[in-house]
There are 2 protein chains.
Amino acid sequence: MPLLKQIAEQLRDADNFLVLAHVSPDGDALGSMLAMGELLDALGKKVVLFNESGIPRRFEWLTPKREILTRLPEEEPDNLIVLDCGSAERAGELIAPWLKTKKVFNIDHHLGNPMFGTLNWVEQRASSVGEMVGMLARKLGVPLVGLLGEYVYLALISDTGDFCFNNTRPETLEMAAEILRLGLLPGPFHEQKQSTGKLSQLQMRGTVLQQARLYADGQISLICFTRELFEQTGTGPEDTEGLVNTVLYVNGVQVAISLREEEQGIKFSLRSKSSTNVQTVAFRFGGGGHRNAAGGTLLMDMEQAKATMIQAVTEELGKS
Amino acid sequence: MPLLKQIAEQLRDADNFLVLAHVSPDGDALGSMLAMGELLDALGKKVVLFNESGIPRRFEWLTPKREILTRLPEEEPDNLIVLDCGSAERAGELIAPWLKTKKVFNIDHHLGNPMFGTLNWVEQRASSVGEMVGMLARKLGVPLVGLLGEYVYLALISDTGDFCFNNTRPETLEMAAEILRLGLLPGPFHEQKQSTGKLSQLQMRGTVLQQARLYADGQISLICFTRELFEQTGTGPEDTEGLVNTVLYVNGVQVAISLREEEQGIKFSLRSKSSTNVQTVAFRFGGGGHRNAAGGTLLMDMEQAKATMIQAVTEELGKS
């Protein structure tokens with residue numbers, strides 16, 4: 001029996017669920033968890049949502065009607081639905097004992113998921129786990145309307161970078177079309193999602209962009225976040241997200257380097273355009289990642305880290 | 001007979017065409033013009049593309065195989081296809097005489113198009129004129145594959161802000177899905193489209209963000225572009241595009257003001273979230289625009305312009 005059908009039937013047959021996604025949830029983790037809550041609710045099931053690290057501040061605009069527990073509930077559920085967790089550890093420490101004793105639906109799209117569940121539905125081609133929840137909803141005859149539609153849509157746009165990344169498939173856009181047809185207004189939704197920034201964040205990012213530099217005949221761009229800058233602007237590491245992509249897209253740049261001062265050493269993040277492999281560079285320094293996005297930590301000061309990374313990336317560029 | 005069918009039949013019956021879009025073309029103007037060229041080519045027609053102001057530098061990555069004339073061709077075509085022009089003037093001065101003597105297909109999606117063509121197909125609900133060209137291609141049985149697909153896709157994402165604006169309709173996303181199914185890879189396409197910036201542009205934008213300020217209890221955000229800044233960073237007015245939206249999306253901000261020093265006076269641009277009308281403010285100072293995006297020019301210096309705009313917008317906010 002196809003997995004989708006099997007999962008759908010077993011969801012229909014069971015009664016009470018705890019639904020969770022990985023710690024420090026992103027838009028797909030949150031969206032798919034909330035969507036699954038709505039879906040089970042529509043089917044008349046008893047459902048509790050759980051995330052060990054809670055909702056990050058930038059998602060507060062979601063104001064979900066259903067509470068998201070950060071502690072395990074007293075009443076034990078029969079079934080766990082674990083969403084968007086590439087491994088059991090990603091679900092957090094609190095839930096670990098239950099992962100061994102309950103029936104676990106492992107629903108995910110990560111390459112290399114070790115199939116830690118009782119039932120494992122791992123669809124690598126899916127743009128997002130939210131897209132998989134959407135497929136389940138269709139299978140179960142629940143329309144992607146209202147909050148269910150909003151949450152699936154949040155997951156779709158989060159993991160595809162507003163449908164710009166290569167994991168966007170025709171089916172992804174068709175699901176979004178269906179959600180729009182059922183009433184979601186994209187304009188207000190995106191406005192709400194984007195209006196969570198603080199001026200201090202923008203000012204901090206402004207300073208970093210102003211100090212951005214090119215190296216290796218314009219093939220490398222580099223930005224730095226110092227602790228001094230965070231202190232001056234009242235910002236923190238969580239406000240650095242995504243900025244490295246901005247300097248990757250400078251014409252001629254093949255690799256963007258972002259360096260961030262930590263308590264101990266310098267955290268480096270590398271991003272590359274499709275032709276260059278930065279995972280090998282990160283690996284040399286004890287880090288890891290993927291071909292076009294990798295990182296790690298250097299136990300040195302900012303100036304040394306800068307020189308080290310520029311040299312290592314320049315060598316890598318020389319190979320291709 | 002429905003207009004779409006009528007246009008399709010008359011395109012099929014005619015033989016030679018000059019296709020044009022508005023001057024200073026954006027992604028929809030260029031995309032729909034290039035797509036129409038491919039479509040007519042697929043139908044075996046003789047076709048010439050024309051744009052009085054040529055291709056802007058930020059679209060050079062398109063490297064169209066077909067030349068885009070900036071002068072009228074010597075051989076006169078029988079038919080003009082005028083795309084994305086809200087009025088005849090938007091087509092430029094060179095083409096004006098021919099607009100009166102040739103058969104003109106006016107294909108557009110602007111509210112208030114004065115129907116200046118021989119045949120007028122004005123579809124206000126269409127996200128983009130590229131979407132309309134895509135509809136024509138379907139009607140004429142030409143698949144949205146290869147360059148035709150790419151050009152329609154460029155138009156779709158340009159006018160919808162990567163499917164984030166409210167003009168994105170289910171049909172828009174379904175057309176994009178069709179194009180992806182026929183082979184377009186969104187990742188490399190967006191990478192290419194975005195990789196046109198220069199570091200100096202980012203640095204200039206960094207300085208502007210760093211100096212961004214809030215007023216009226218955080219309801220107004222303001223950024224300024226001075227001629228000194230352009231000179232120092234080797235940038236110009238064309239590099240300011242879109243930055244005002246970044247500061248509009250600060251939490252709590254209702255109106256974003258952008259001020260730009262010109263040869264004469266200060267050009268102001270206003271952006272507002274859906275609830276606030278900035279057209280009325282622009283109108284007070286001899287400018288114009290729409291409810292959520294308006295602008296004009298103030299014949300004063302930067303400091304006076306700042307005080308004037310902050311006061312006028314604060315008054316407008318007090319009304320709502």
# chains A, B, ... in the order shown; residues from 1 in each chain; ligands from 1
call {"tool": "select_by_dssp", "arguments": {"residues": "range 37-83 of chain B", "states": "strand (DSSP E)", "output": "PyMOL selection string"}}
result
chain B and resi 46-50+68-69+79-83
call {"tool": "interface_residues", "arguments": {"of": "chain B", "to": "chain A", "cutoff": "6 Å", "atoms": "only C-alpha atoms", "output": "list in words"}}
result
Cys164, Phe165, Asn166, Pro170, Leu173, Glu174, Ala177, Leu180, Arg181, Pro186, Gly187, Gln194, Ser195, Thr196, Gly197, Lys198, Gln203, Gly206, Thr207, Leu209, Gln210, Tyr249, Val250 and Asn251 of chain B
call {"tool": "write_last_selection", "arguments": {"atoms": "C-alpha atoms", "output": "PDB file, in the first residue's frame"}}
result
ATOM      1  CA  CYS B 164       3.975  37.638  -2.850  1.00  0.00           C
ATOM      2  CA  PHE B 165       1.699  40.462  -4.034  1.00  0.00           C
ATOM      3  CA  ASN B 166      -2.060  40.298  -3.957  1.00  0.00           C
ATOM      4  CA  PRO B 170      -4.474  30.753  -8.596  1.00  0.00           C
ATOM      5  CA  LEU B 173       0.609  29.919  -9.918  1.00  0.00           C
ATOM      6  CA  GLU B 174      -0.872  27.239 -12.141  1.00  0.00           C
ATOM      7  CA  ALA B 177       3.574  25.189 -12.354  1.00  0.00           C
ATOM      8  CA  LEU B 180       8.223  24.217 -14.286  1.00  0.00           C
ATOM      9  CA  ARG B 181       6.697  20.940 -15.449  1.00  0.00           C
ATOM     10  CA  PRO B 186      13.564  27.859 -10.633  1.00  0.00           C
ATOM     11  CA  GLY B 187      16.811  27.756  -8.621  1.00  0.00           C
ATOM     12  CA  GLN B 194      19.436  38.122  -8.673  1.00  0.00           C
ATOM     13  CA  SER B 195      23.159  38.063  -9.447  1.00  0.00           C
ATOM     14  CA  THR B 196      23.238  41.416 -11.192  1.00  0.00           C
ATOM     15  CA  GLY B 197      24.084  43.671  -8.243  1.00  0.00           C
ATOM     16  CA  LYS B 198      27.336  45.464  -7.628  1.00  0.00           C
ATOM     17  CA  GLN B 203      27.334  49.337   0.384  1.00  0.00           C
ATOM     18  CA  GLY B 206      23.910  49.637   3.792  1.00  0.00           C
ATOM     19  CA  THR B 207      24.689  53.264   4.613  1.00  0.00           C
ATOM     20  CA  LEU B 209      19.705  51.518   6.228  1.00  0.00           C
ATOM     21  CA  GLN B 210      22.187  52.407   8.943  1.00  0.00           C
ATOM     22  CA  TYR B 249       8.181  46.199   6.967  1.00  0.00           C
ATOM     23  CA  VAL B 250       9.561  47.288  10.336  1.00  0.00           C
ATOM     24  CA  ASN B 251       7.095  46.148  12.998  1.00  0.00           C
TER      25      ASN B 251
END
call {"tool": "residues_around", "arguments": {"residues": "Ser24 in chain A", "least_positions_apart": "2", "cutoff": "12 Å", "atoms": "only C-alpha atoms", "output": "PyMOL selection string"}}
result
chain A and resi 20-22+26-30+51-59+70+84-85+90-92+238
call {"tool": "select_by_dssp", "arguments": {"residues": "range 34-163 of chain B", "states": "helix (DSSP H, G or I)", "output": "compact mmCIF listing (two decimals) with N, CA, C and O atoms, in the first residue's frame"}}
result
# COMPACT_ATOMS: atom_id res chain seq x y z
N LEU B 34 9.42 39.65 -25.17
CA LEU B 34 10.25 38.53 -25.65
C LEU B 34 9.42 37.27 -25.84
O LEU B 34 9.61 36.52 -26.80
N ALA B 35 8.48 37.04 -24.91
CA ALA B 35 7.61 35.86 -25.03
C ALA B 35 6.75 35.96 -26.28
O ALA B 35 6.58 34.97 -27.01
N MET B 36 6.21 37.14 -26.55
CA MET B 36 5.39 37.31 -27.75
C MET B 36 6.22 37.06 -29.00
O MET B 36 5.74 36.46 -29.98
N GLY B 37 7.49 37.49 -28.97
CA GLY B 37 8.39 37.21 -30.09
C GLY B 37 8.54 35.71 -30.32
O GLY B 37 8.43 35.22 -31.45
N GLU B 38 8.75 34.96 -29.24
CA GLU B 38 8.90 33.50 -29.36
C GLU B 38 7.62 32.85 -29.85
O GLU B 38 7.65 31.92 -30.67
N LEU B 39 6.50 33.35 -29.33
CA LEU B 39 5.20 32.77 -29.71
C LEU B 39 4.94 32.94 -31.21
O LEU B 39 4.57 32.00 -31.91
N LEU B 40 5.15 34.18 -31.68
CA LEU B 40 4.90 34.44 -33.11
C LEU B 40 5.88 33.67 -33.98
O LEU B 40 5.53 33.17 -35.05
N ASP B 41 7.11 33.54 -33.49
CA ASP B 41 8.11 32.76 -34.20
C ASP B 41 7.67 31.31 -34.33
O ASP B 41 7.78 30.69 -35.39
N ALA B 42 7.13 30.77 -33.23
CA ALA B 42 6.67 29.38 -33.24
C ALA B 42 5.53 29.19 -34.23
O ALA B 42 5.32 28.09 -34.75
N ARG B 57 20.35 47.69 -17.92
CA ARG B 57 21.53 46.89 -17.59
C ARG B 57 21.19 45.69 -16.70
O ARG B 57 21.79 44.63 -16.82
N ARG B 58 20.22 45.87 -15.78
CA ARG B 58 19.95 44.77 -14.85
C ARG B 58 19.30 43.56 -15.51
O ARG B 58 19.12 42.52 -14.88
N PHE B 59 18.94 43.72 -16.81
CA PHE B 59 18.37 42.56 -17.53
C PHE B 59 19.34 41.99 -18.55
O PHE B 59 18.95 41.16 -19.38
N GLU B 60 20.60 42.43 -18.50
CA GLU B 60 21.55 41.97 -19.51
C GLU B 60 21.76 40.45 -19.47
O GLU B 60 22.10 39.84 -20.49
N TRP B 61 21.54 39.86 -18.31
CA TRP B 61 21.71 38.40 -18.18
C TRP B 61 20.75 37.62 -19.08
O TRP B 61 20.98 36.44 -19.36
N LEU B 62 19.69 38.29 -19.54
CA LEU B 62 18.72 37.59 -20.39
C LEU B 62 19.34 37.19 -21.74
O LEU B 62 18.92 36.21 -22.34
N ALA B 88 -1.14 55.17 -24.69
CA ALA B 88 -0.35 55.16 -25.93
C ALA B 88 1.00 55.84 -25.72
O ALA B 88 2.02 55.43 -26.29
N GLU B 89 1.04 56.85 -24.86
CA GLU B 89 2.29 57.59 -24.61
C GLU B 89 3.39 56.70 -24.04
O GLU B 89 4.57 56.93 -24.29
N ARG B 90 2.98 55.71 -23.23
CA ARG B 90 3.97 54.83 -22.59
C ARG B 90 4.79 54.05 -23.61
O ARG B 90 5.85 53.51 -23.29
N ALA B 91 4.32 53.98 -24.86
CA ALA B 91 5.05 53.24 -25.89
C ALA B 91 6.24 54.04 -26.42
O ALA B 91 7.07 53.49 -27.14
N ALA B 96 4.87 56.63 -32.09
CA ALA B 96 3.58 57.34 -32.06
C ALA B 96 2.89 57.45 -33.43
O ALA B 96 1.68 57.15 -33.53
N PRO B 97 3.61 57.82 -34.51
CA PRO B 97 2.92 57.94 -35.81
C PRO B 97 2.30 56.61 -36.27
O PRO B 97 1.17 56.59 -36.77
N TRP B 98 3.03 55.53 -36.08
CA TRP B 98 2.53 54.21 -36.52
C TRP B 98 1.32 53.76 -35.72
O TRP B 98 0.50 52.98 -36.22
N LEU B 99 1.23 54.22 -34.47
CA LEU B 99 0.07 53.83 -33.66
C LEU B 99 -1.23 54.31 -34.29
O LEU B 99 -2.30 53.77 -34.02
N LYS B 100 -1.10 55.36 -35.13
CA LYS B 100 -2.30 55.92 -35.76
C LYS B 100 -2.61 55.27 -37.11
O LYS B 100 -3.73 55.38 -37.62
N THR B 101 -1.60 54.64 -37.72
CA THR B 101 -1.80 54.16 -39.10
C THR B 101 -1.83 52.64 -39.24
O THR B 101 -2.32 52.13 -40.25
N VAL B 129 1.15 41.13 -17.97
CA VAL B 129 0.86 40.93 -19.39
C VAL B 129 1.49 39.61 -19.85
O VAL B 129 0.96 38.94 -20.75
N GLY B 130 2.58 39.22 -19.20
CA GLY B 130 3.18 37.92 -19.51
C GLY B 130 2.19 36.78 -19.29
O GLY B 130 2.16 35.81 -20.05
N GLU B 131 1.37 36.90 -18.25
CA GLU B 131 0.34 35.88 -18.01
C GLU B 131 -0.65 35.83 -19.18
O GLU B 131 -1.11 34.76 -19.58
N MET B 132 -0.95 37.02 -19.73
CA MET B 132 -1.87 37.08 -20.87
C MET B 132 -1.24 36.45 -22.12
O MET B 132 -1.91 35.75 -22.88
N VAL B 133 0.06 36.70 -22.32
CA VAL B 133 0.75 36.07 -23.45
C VAL B 133 0.74 34.55 -23.27
O VAL B 133 0.55 33.79 -24.23
N GLY B 134 0.92 34.11 -22.01
CA GLY B 134 0.85 32.68 -21.73
C GLY B 134 -0.52 32.10 -22.09
O GLY B 134 -0.63 30.99 -22.64
N MET B 135 -1.59 32.85 -21.79
CA MET B 135 -2.95 32.40 -22.13
C MET B 135 -3.12 32.29 -23.64
O MET B 135 -3.74 31.36 -24.16
N LEU B 136 -2.54 33.27 -24.35
CA LEU B 136 -2.60 33.27 -25.81
C LEU B 136 -1.86 32.04 -26.37
O LEU B 136 -2.34 31.40 -27.31
N ALA B 137 -0.71 31.76 -25.80
CA ALA B 137 0.08 30.63 -26.27
C ALA B 137 -0.71 29.33 -26.12
O ALA B 137 -0.78 28.50 -27.04
N ARG B 138 -1.37 29.19 -24.95
CA ARG B 138 -2.20 27.99 -24.75
C ARG B 138 -3.30 27.91 -25.80
O ARG B 138 -3.55 26.86 -26.37
N LYS B 139 -3.96 29.07 -26.01
CA LYS B 139 -5.07 29.11 -26.98
C LYS B 139 -4.58 28.72 -28.37
O LYS B 139 -5.30 28.09 -29.14
N GLY B 146 10.97 26.00 -23.05
CA GLY B 146 12.18 26.70 -23.50
C GLY B 146 12.11 28.20 -23.23
O GLY B 146 11.63 28.63 -22.17
N LEU B 147 12.60 29.00 -24.18
CA LEU B 147 12.65 30.45 -23.98
C LEU B 147 11.27 31.05 -23.76
O LEU B 147 11.10 31.96 -22.96
N LEU B 148 10.26 30.54 -24.47
CA LEU B 148 8.90 31.07 -24.29
C LEU B 148 8.49 30.92 -22.82
O LEU B 148 7.98 31.87 -22.20
N GLY B 149 8.75 29.77 -22.25
CA GLY B 149 8.44 29.54 -20.83
C GLY B 149 9.23 30.47 -19.92
O GLY B 149 8.68 31.06 -19.00
N GLU B 150 10.52 30.59 -20.19
CA GLU B 150 11.37 31.46 -19.37
C GLU B 150 10.87 32.90 -19.36
O GLU B 150 10.83 33.57 -18.32
N TYR B 151 10.52 33.40 -20.53
CA TYR B 151 10.10 34.81 -20.63
C TYR B 151 8.76 35.04 -19.93
O TYR B 151 8.56 36.06 -19.26
N VAL B 152 7.83 34.10 -20.09
CA VAL B 152 6.55 34.23 -19.38
C VAL B 152 6.79 34.17 -17.87
O VAL B 152 6.25 34.99 -17.11
N TYR B 153 7.65 33.25 -17.46
CA TYR B 153 7.96 33.11 -16.03
C TYR B 153 8.58 34.39 -15.48
O TYR B 153 8.22 34.86 -14.40
N LEU B 154 9.50 34.99 -16.24
CA LEU B 154 10.11 36.27 -15.82
C LEU B 154 9.03 37.32 -15.59
O LEU B 154 9.05 38.05 -14.59
N ALA B 155 8.07 37.39 -16.51
CA ALA B 155 6.98 38.36 -16.37
C ALA B 155 6.14 38.08 -15.13
O ALA B 155 5.82 38.99 -14.36
N LEU B 156 5.82 36.82 -14.91
CA LEU B 156 4.98 36.44 -13.76
C LEU B 156 5.65 36.84 -12.44
O LEU B 156 5.04 37.49 -11.59
N ILE B 157 6.92 36.45 -12.27
CA ILE B 157 7.57 36.72 -10.98
C ILE B 157 7.86 38.21 -10.81
O ILE B 157 7.89 38.72 -9.70
N SER B 158 8.07 38.93 -11.92
CA SER B 158 8.41 40.35 -11.81
C SER B 158 7.23 41.16 -11.29
O SER B 158 7.37 41.97 -10.39
N ASP B 159 6.07 40.94 -11.88
CA ASP B 159 4.92 41.78 -11.50
C ASP B 159 4.23 41.31 -10.22
O ASP B 159 3.40 42.04 -9.68
N THR B 160 4.55 40.12 -9.74
CA THR B 160 3.91 39.65 -8.51
C THR B 160 4.88 39.66 -7.32
O THR B 160 4.51 39.19 -6.23
call {"tool": "atom_distance", "arguments": {"atom1": "CA of Ile7 in chain A", "atom2": "CA of Leu119 in chain A"}}
result
7.6 Å
call {"tool": "residues_around", "arguments": {"residues": "Ala294 in chain B", "least_positions_apart": "6", "cutoff": "7 Å", "atoms": "only C-alpha atoms", "output": "PyMOL selection string"}}
result
chain B and resi 269-271+278-279+282+288
call {"tool": "atom_distance", "arguments": {"atom1": "CA of Ser272 in chain B", "atom2": "CA of Gln254 in chain B"}}
result
5.6 Å
call {"tool": "atom_distance", "arguments": {"atom1": "CA of Gly44 in chain B", "atom2": "CA of Glu123 in chain B"}}
result
26.5 Å
call {"tool": "decode", "arguments": {"residues": "range 169-180 of chain B", "atoms": "all heavy atoms", "output": "compact mmCIF listing (two decimals), in the first residue's frame"}}
result
# COMPACT_ATOMS: atom_id res chain seq x y z
N ARG B 169 -2.81 35.28 -8.63
CA ARG B 169 -4.05 34.51 -8.55
C ARG B 169 -3.75 33.02 -8.73
O ARG B 169 -2.65 32.66 -9.15
CB ARG B 169 -5.09 34.95 -9.57
CG ARG B 169 -4.66 35.82 -10.70
CD ARG B 169 -5.79 36.05 -11.67
NE ARG B 169 -5.33 35.90 -13.04
CZ ARG B 169 -6.11 35.86 -14.09
NH1 ARG B 169 -7.42 35.94 -13.95
NH2 ARG B 169 -5.61 35.72 -15.29
N PRO B 170 -4.70 32.19 -8.41
CA PRO B 170 -4.47 30.75 -8.60
C PRO B 170 -3.99 30.45 -10.01
O PRO B 170 -3.06 29.67 -10.20
CB PRO B 170 -5.86 30.15 -8.34
CG PRO B 170 -6.57 31.12 -7.47
CD PRO B 170 -6.04 32.47 -7.81
N GLU B 171 -4.59 31.11 -11.00
CA GLU B 171 -4.22 30.88 -12.40
C GLU B 171 -2.75 31.24 -12.65
O GLU B 171 -2.09 30.63 -13.50
CB GLU B 171 -5.10 31.73 -13.33
CG GLU B 171 -6.56 31.30 -13.39
CD GLU B 171 -7.41 31.88 -12.27
OE1 GLU B 171 -6.84 32.50 -11.32
OE2 GLU B 171 -8.63 31.73 -12.32
N THR B 172 -2.25 32.26 -11.93
CA THR B 172 -0.84 32.67 -12.08
C THR B 172 0.07 31.54 -11.63
O THR B 172 1.04 31.18 -12.33
CB THR B 172 -0.56 33.92 -11.20
OG1 THR B 172 -1.64 34.84 -11.33
CG2 THR B 172 0.74 34.57 -11.59
N LEU B 173 -0.22 31.00 -10.45
CA LEU B 173 0.61 29.92 -9.92
C LEU B 173 0.49 28.66 -10.76
O LEU B 173 1.46 27.92 -10.94
CB LEU B 173 0.21 29.63 -8.46
CG LEU B 173 0.56 30.73 -7.46
CD1 LEU B 173 -0.09 30.46 -6.11
CD2 LEU B 173 2.07 30.84 -7.29
N GLU B 174 -0.69 28.43 -11.30
CA GLU B 174 -0.87 27.24 -12.14
C GLU B 174 -0.07 27.36 -13.44
O GLU B 174 0.48 26.38 -13.94
CB GLU B 174 -2.35 27.01 -12.42
CG GLU B 174 -3.04 26.35 -11.24
CD GLU B 174 -4.55 26.52 -11.22
OE1 GLU B 174 -5.09 27.26 -12.07
OE2 GLU B 174 -5.20 25.93 -10.33
N MET B 175 0.01 28.59 -13.98
CA MET B 175 0.81 28.78 -15.18
C MET B 175 2.30 28.56 -14.85
O MET B 175 3.03 27.93 -15.63
CB MET B 175 0.59 30.18 -15.75
CG MET B 175 1.23 30.37 -17.12
SD MET B 175 0.84 31.97 -17.85
CE MET B 175 -0.86 31.71 -18.37
N ALA B 176 2.74 29.07 -13.70
CA ALA B 176 4.13 28.84 -13.29
C ALA B 176 4.40 27.35 -13.11
O ALA B 176 5.46 26.84 -13.51
CB ALA B 176 4.42 29.60 -12.00
N ALA B 177 3.43 26.64 -12.54
CA ALA B 177 3.57 25.19 -12.35
C ALA B 177 3.75 24.50 -13.71
O ALA B 177 4.60 23.62 -13.87
CB ALA B 177 2.35 24.63 -11.63
N GLU B 178 2.96 24.93 -14.67
CA GLU B 178 3.03 24.36 -16.03
C GLU B 178 4.43 24.58 -16.62
O GLU B 178 5.01 23.68 -17.24
CB GLU B 178 1.97 25.04 -16.88
CG GLU B 178 1.80 24.52 -18.27
CD GLU B 178 0.67 25.27 -19.00
OE1 GLU B 178 -0.30 25.70 -18.34
OE2 GLU B 178 0.78 25.44 -20.23
N ILE B 179 4.97 25.78 -16.42
CA ILE B 179 6.29 26.11 -16.97
C ILE B 179 7.38 25.26 -16.31
O ILE B 179 8.29 24.76 -16.97
CB ILE B 179 6.57 27.62 -16.81
CG1 ILE B 179 5.59 28.42 -17.69
CG2 ILE B 179 8.01 27.96 -17.18
CD1 ILE B 179 5.58 29.90 -17.42
N LEU B 180 7.26 25.08 -14.99
CA LEU B 180 8.22 24.22 -14.29
C LEU B 180 8.12 22.78 -14.79
O LEU B 180 9.12 22.10 -14.99
CB LEU B 180 7.96 24.25 -12.77
CG LEU B 180 8.84 25.16 -11.93
CD1 LEU B 180 8.92 26.56 -12.49
CD2 LEU B 180 8.37 25.19 -10.48
